[in-house]
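Heads up, input_8.pdb below (PDB, C-alpha atoms):
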ATOM      1  CA  MET A1244     109.763 117.506 120.404  1.00  0.00           C
ATOM      2  CA  MET A1245     108.436 115.441 117.491  1.00  0.00           C
ATOM      3  CA  ASP A1246     111.009 117.020 115.182  1.00  0.00           C
ATOM      4  CA  ALA A1247     113.797 115.823 117.446  1.00  0.00           C
ATOM      5  CA  LEU A1248     112.433 112.272 117.558  1.00  0.00           C
ATOM      6  CA  GLU A1249     111.551 111.990 113.873  1.00  0.00           C
ATOM      7  CA  PRO A1250     114.919 110.581 112.672  1.00  0.00           C
ATOM      8  CA  TYR A1251     114.842 107.912 115.372  1.00  0.00           C
ATOM      9  CA  ILE A1252     111.242 106.984 114.659  1.00  0.00           C
ATOM     10  CA  LEU A1253     111.985 106.712 110.930  1.00  0.00           C
ATOM     11  CA  GLU A1254     115.011 104.518 111.633  1.00  0.00           C
ATOM     12  CA  ILE A1255     112.982 102.189 113.864  1.00  0.00           C
ATOM     13  CA  LEU A1256     110.143 102.028 111.345  1.00  0.00           C
ATOM     14  CA  GLY A1257     112.681 101.327 108.603  1.00  0.00           C
ATOM     15  CA  ILE A1258     113.977  98.338 110.543  1.00  0.00           C
ATOM     16  CA  ILE A1259     110.452  97.080 111.195  1.00  0.00           C
ATOM     17  CA  ILE A1260     109.465  97.488 107.527  1.00  0.00           C
ATOM     18  CA  THR A1261     112.643  95.723 106.392  1.00  0.00           C
ATOM     19  CA  ALA A1262     111.901  92.808 108.708  1.00  0.00           C
ATOM     20  CA  ALA A1263     108.280  92.629 107.531  1.00  0.00           C
ATOM     21  CA  ILE A1264     109.343  92.588 103.877  1.00  0.00           C
ATOM     22  CA  ALA A1265     111.932  89.881 104.554  1.00  0.00           C
ATOM     23  CA  PHE A1266     109.323  87.802 106.381  1.00  0.00           C
ATOM     24  CA  ALA A1267     106.773  88.243 103.584  1.00  0.00           C
ATOM     25  CA  ALA A1268     109.377  87.342 100.948  1.00  0.00           C
ATOM     26  CA  ALA A1269     110.352  84.206 102.861  1.00  0.00           C
ATOM     27  CA  GLN A1270     106.695  83.197 103.233  1.00  0.00           C
ATOM     28  CA  LEU A1271     106.067  83.737  99.523  1.00  0.00           C
ATOM     29  CA  LYS A1272     109.083  81.615  98.646  1.00  0.00           C
ATOM     30  CA  ARG A1273     107.962  78.882 101.030  1.00  0.00           C
ATOM     31  CA  TRP A1274     104.392  78.856  99.675  1.00  0.00           C
ATOM     32  CA  THR A1275     105.104  79.249  95.968  1.00  0.00           C
ATOM     33  CA  GLY A1276     108.803  78.709  95.391  1.00  0.00           C
ATOM     34  CA  ILE A1277     109.000  82.197  93.869  1.00  0.00           C
ATOM     35  CA  GLU A1278     111.757  84.413  95.213  1.00  0.00           C
ATOM     36  CA  ILE A1279     111.459  88.202  95.214  1.00  0.00           C
ATOM     37  CA  GLU A1280     114.597  89.805  93.789  1.00  0.00           C
ATOM     38  CA  ALA A1281     116.604  92.195  95.955  1.00  0.00           C
ATOM     39  CA  LYS A1282     115.893  95.162  93.680  1.00  0.00           C
ATOM     40  CA  HIS A1283     112.145  94.623  94.081  1.00  0.00           C
ATOM     41  CA  ARG A1284     112.446  94.310  97.863  1.00  0.00           C
ATOM     42  CA  GLU A1285     114.440  97.552  97.920  1.00  0.00           C
ATOM     43  CA  ALA A1286     111.852  99.323  95.755  1.00  0.00           C
ATOM     44  CA  LEU A1287     109.049  98.141  98.046  1.00  0.00           C
ATOM     45  CA  HIS A1288     110.982  99.293 101.100  1.00  0.00           C
ATOM     46  CA  SER A1289     111.595 102.707  99.527  1.00  0.00           C
ATOM     47  CA  ALA A1290     107.920 103.136  98.687  1.00  0.00           C
ATOM     48  CA  MET A1291     106.820 102.163 102.178  1.00  0.00           C
ATOM     49  CA  MET A1292     109.332 104.509 103.798  1.00  0.00           C
ATOM     50  CA  SER A1293     108.136 107.367 101.570  1.00  0.00           C
ATOM     51  CA  GLY A1294     104.621 106.751 102.842  1.00  0.00           C
ATOM     52  CA  VAL A1295     105.764 106.704 106.455  1.00  0.00           C
ATOM     53  CA  GLU A1296     107.755 109.922 106.025  1.00  0.00           C
ATOM     54  CA  SER A1297     104.804 111.620 104.347  1.00  0.00           C
ATOM     55  CA  ALA A1298     102.452 110.475 107.095  1.00  0.00           C
ATOM     56  CA  MET A1299     104.756 111.851 109.761  1.00  0.00           C
ATOM     57  CA  GLN A1300     105.125 115.204 108.007  1.00  0.00           C
ATOM     58  CA  ASN A1301     101.642 115.747 106.532  1.00  0.00           C
ATOM     59  CA  GLY A1302      99.271 113.394 108.320  1.00  0.00           C
ATOM     60  CA  PRO A1303      97.860 110.002 107.321  1.00  0.00           C
ATOM     61  CA  SER A1304      95.320 111.245 104.749  1.00  0.00           C
ATOM     62  CA  LYS A1305      97.986 113.097 102.730  1.00  0.00           C
ATOM     63  CA  ALA A1306     100.266 110.029 102.926  1.00  0.00           C
ATOM     64  CA  ALA A1307      97.517 107.832 101.469  1.00  0.00           C
ATOM     65  CA  ASP A1308      97.012 110.319  98.627  1.00  0.00           C
ATOM     66  CA  MET A1309     100.746 110.324  97.934  1.00  0.00           C
ATOM     67  CA  LEU A1310     100.963 106.547  97.806  1.00  0.00           C
ATOM     68  CA  VAL A1311      97.979 106.269  95.506  1.00  0.00           C
TER      69      VAL A1311
END
Same coordinates, now as structure tokens:
Amino acid sequence: MMDALEPYILEILGIIITAAIAFAAAQLKRWTGIEIEAKHREALHSAMMSGVESAMQNGPSKAADMLV
């Protein structure tokens, strides 16, 4: 059953991560005046999604090892 739900879960988590990154970027700009470039936001999003995918496939401890 988890295999069938995995694409939907990843899509929802992708949306949540995108929103969190956008919020954090807006807060940083408000506090410091520094704006995070789109390519850096995309790289951060990609890294976070890789961690989520790894956690779903291999478990949280393997995902942490991968990210480190």
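Summary of the local environment: counting all atoms listed in the file, residues at most 10 Å from His1288 (chain A), other than itself and those fewer than 6 positions away along its chain, are Gly1257, Ile1258, Ile1260, Thr1261, Ala1263, Ile1264, Lys1282 and Gly1294 of chain A.
Across the structure, CA of Ala1268 (chain A) and CA of Gln1300 (chain A) are spaced 29.1 Å apart.
For the atom pair formed by CA of Ala1267 (chain A) and CA of Ala1286 (chain A), the distance is 14.5 Å, given to one decimal.
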Calculate how many Å separate CA of Phe1266 (chain A) from CA of Leu1253 (chain A), rounding to one decimal.
19.6 Å
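Using only C-alpha atoms, the shortest contact distance between Leu1256 (chain A) and any of A:Lys1272, A:Glu1278, A:His1283, A:Met1299 is found at A:Met1299.
The residue that comes closest to Pro1250 (chain A), out of A:Ile1277, A:Ala1262, A:Val1295, A:Ala1290 and on the basis of only C-alpha atoms, is A:Val1295.
Proximity to Glu1254 (chain A) was assessed for A:Gln1270, A:Met1292, A:Asn1301, A:Leu1287 counting all atoms listed in the file; the smallest distance is recorded for A:Met1292.
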